[in-house]
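Read the structure below first, then the notes.
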Amino acid sequence: MKSFSAKSIPVMPIALLAITILLAPPISAQTDDRESHGRPTPGGLVPPASPRPPSIRERQFKMLEMEREAAKPRTPEEERLALAEIAEDFEKIQVINNKMMGATMRAVAPDYARIAEVTAEIKTRANRIRGNLRLAKMSANNGEKSSNYKKVQDAAGMKASLLSLDGSIMSFIKNPIFKNPGVLDVEQSEKASHDLENIIDLSNLINKDAKRLSRPTEKTN
């Protein structure tokens with residue numbers, strides 16, 4: 001398991017988030033039914049379609065969909081509220097995650113009750129960011145989410161799960177779209193959406209395990 005420094009990780013600035021409200025959400029690619037089911041062979045069998053990178057036409061379609069979604073009007077008050085919430089949530093997630101990681105990685109026996117509290121707040125704030133940024137949910141084909149998550153049984157397992165959550169949070173906040181918000185980048189927008197979905201999914205799963213392990217009969221470390 002990789003190590004985690006107990007030192008505080010600097011919180012990423014949120015000054016450039018002012019334009020991110022206008023960022024388009026990543027749209028799940030819609031494949032043609034004929035392509036997704038393959039083409040009939042002379043023997044009548046239909047071979048499964050093999051994964052392939054999106055075509056130029058698909059990427060152009062995705063860009064148009066993103067632009068249409070971004071063009072949906074918000075009232076000035078809605079924009080001010082969304083911006084304020086994005087800025088607050090973007091910073092708060094980093095602060096509470098840094099504190100939780102610093103305390104948990106140093107501890108022999110993690111404070112499961114506190115971890116449950118923090119992961120619940122991370123999930124709530126991540127959900128609000130997703131709504132304010134109008135990020136579409138990732139389809140099953142575009143992201144694995146947390147399919148490899150293993151139920152936490154002890155302190156070591158909890159630390160490993162928190163490291164995965166921390167990785168998704170750091171990947172999200174360091175996404176280039178927050179540094180260059182004026183540039184529309186489909187791949188980076190999709191990556192931000194994928195990371196945000198992972199944050200929501202992992203924080204939910206960890207929260208459930210932390211609540212379970214906070215009960216005396218469930219502690220095994």
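Ligands are numbered from 1 in the order shown, chains are lettered A, B, ... in the order of the structure tokens, and residues start at 1 in each chain.
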
request  = Write down as number ranges by chain the residues of stretch 179-219 of chain A whose backbone DSSP state falls under helix (DSSP H, G or I).
outcome  = A: 186-213, 216-218

Surrounding residues of A:Phe172 excluding itself and chain neighbours under 6 positions, 7 Å, only C-alpha atoms, as a VMD selection string = chain A and resid 192 195 to 196

Same residues, N, CA and C atoms, output as a PDB file, in the first residue's frame:
```pdb
ATOM      1  N   ALA A 192     -13.118  14.391 -15.557  1.00  0.00           N
ATOM      2  CA  ALA A 192     -13.627  15.059 -14.358  1.00  0.00           C
ATOM      3  C   ALA A 192     -14.921  14.412 -13.897  1.00  0.00           C
ATOM      4  N   ASP A 195     -14.073  10.999 -12.363  1.00  0.00           N
ATOM      5  CA  ASP A 195     -13.496  11.150 -11.027  1.00  0.00           C
ATOM      6  C   ASP A 195     -14.567  11.529 -10.010  1.00  0.00           C
ATOM      7  N   LEU A 196     -15.472  12.416 -10.407  1.00  0.00           N
ATOM      8  CA  LEU A 196     -16.525  12.848  -9.494  1.00  0.00           C
ATOM      9  C   LEU A 196     -17.465  11.693  -9.157  1.00  0.00           C
TER      10      LEU A 196
END
```

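A straight line drawn from atom CA of A:Leu162 to atom CA of A:Ile93 is 13.5 Å long.
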
inquiry  = Give me the residues near stretch 208-210 of chain A as a VMD selection string, where near means some atom within 8 Å (using only C-alpha atoms) and where sequence neighbours in that chain fewer than 5 positions away do not count.
reply    = chain A and resid 112 to 113 115 to 116 151 to 152 158
